[in-house]
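Visitor: Here's a structure for you.
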There are 2 protein chains.
Amino acid sequence: MKASVLYSGGKDSSLSAILLEPFFEVELITFSFSLLPLEQVVSDFANELGFPHRVLNLDTSILDKALEMVINDGYPRNAINYIHYNAVKTLASTKPQPKDVIADGTRRNDRVPVLTNSQIQSLEDRYGIYYVTPLSGYGRSSVNALV
Amino acid sequence: MKASVLYSGGKDSSLSAILLEPFFEVELITFSFSLLPLEQVVSDFANELGFPHRVLNLDTSILDKALEMVINDGYPRNAINYIHYNAVKTLASTKPQPKDVIADGTRRNDRVPVLTNSQIQSLEDRYGIYYVTPLSGYGRSSVNALV
């Protein structure tokens with residue numbers, strides 16, 4: 001089974017990929033709006049971990065809508081969740097294989113970005129993928145101890 | 001690092017142990033009130049998985065209190081949570097090593113048994129252990145696909 005891990009270059013998404021590695025064929029996926037030249041930095045991190053890595057572009061209409069949400073809300077939470085949900089959804093809809101795993105680095109107690117149970121259910125049902133968050137069962141201190 | 005996995009002999013706790021195996025020295029722990037002769041059956045399952053296994057007794061005062069809760073509540077949820085919390089706590093307090101992991105088979109969307117965030121925080125702080133639920137990031141369908 002393949003697992004595509006949403007990869008930011010950070011500690012949580014790296015550890016998620018490592019936890020999945022013994023059981024899945026892991027690929028790291030970074031979504032970009034191509035506004036900042038971060039791809040190379042993230043690619044270098046991915047190479048150090050030894051996983052294949054791809055950068056995909058996210059439609060800029062998603063960024064436009066997210067910016068509008070931040071301005072209307074006065075805080076970024078909903079906008080970040082919106083971008084995250086659309087990243088998972090874009091990946092789910094472009095994956096060639098159903099029954100594959102899409103994963104990210106969400107930890108226990110993370111307040112944002114978090115998918116709701118109904119969003120997860122809808123993505124799994126619609127695209128036939130499994131959405132997995134390998135760090136959901138780990139708190140901040142256990143993640144720090146493992147890294 | 002050692003990981004003690006609360007082990008019922010079922011699918012979820014077995015898969016939790018398997019997910020931890022590449023990263024931890026796993027031991028399976030089954031708590032018993034010694035009322036039913038289930039230990040041998042569970043031990044046989046544990047041996048098939050190839051993990052060391054220990055049966056520990058839980059104080060029968062915990063069972064008495066749990067039965068009282070079922071009768072007062074009219075439903076078993078709080079009583080099951082109470083037994084589960086006390087199993088984790090007993091294990092945390094008898095483990096020789098701090099910084100060890102205590103794990104169980106709680107899945108995403110499990111309603112019971114579930115520790116609250118404040119119970120987890122309190123156990124981690126008081127006993128210096130890490131409480132980990134490797135299946136929290138997996139839904140029922142992904143667990144079934146993996147097993």
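To be explicit about the labels: the chains of the structure tokens are called A, B, and onward in the order shown, and within each one the residues are counted from 1, while ligands get numbers from 1 in the order they are shown.
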Using only C-alpha atoms, which protein or nucleic acid residues come within 10 Å of stretch 42-46 of chain B? Drop anything in the same chain fewer than 2 positions from it, and give the result as a list in words.
Guide: Tyr7, Ser8, Gly9, Gly10, Ser14, Glu27, Leu28, Ile29, Thr30, Pro37, Leu38, Glu39, Gln40, Glu48, Leu49, Gly50, Phe51, Pro52, His53, Arg54 and Val55 of chain B
Visitor: Near chain B, which residues of chain A fall within 8 Å when you count only C-alpha atoms, and what do they look like as an MDAnalysis selection string?
Guide: chainID A and resid 19 22 109 117 130:139 141:142
Visitor: Per DSSP on the backbone, what are the alpha helix (DSSP H) residues of stretch 17-134 of chain A, as a ChimeraX atom specification?
Guide: /A:17-20,39-49,60-73,77-94,117-127
Visitor: Just how far from atom CA of B:Asn81 is atom CA of B:Pro113, in Å to one decimal?
Guide: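 One can read the atom CA of B:Pro113 to atom CA of B:Asn81 distance as 4.8 Å.
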Visitor: One number please: atom CA of B:Leu35 to atom CA of B:Leu67, in Å, one decimal.
Guide: 14.0 Å
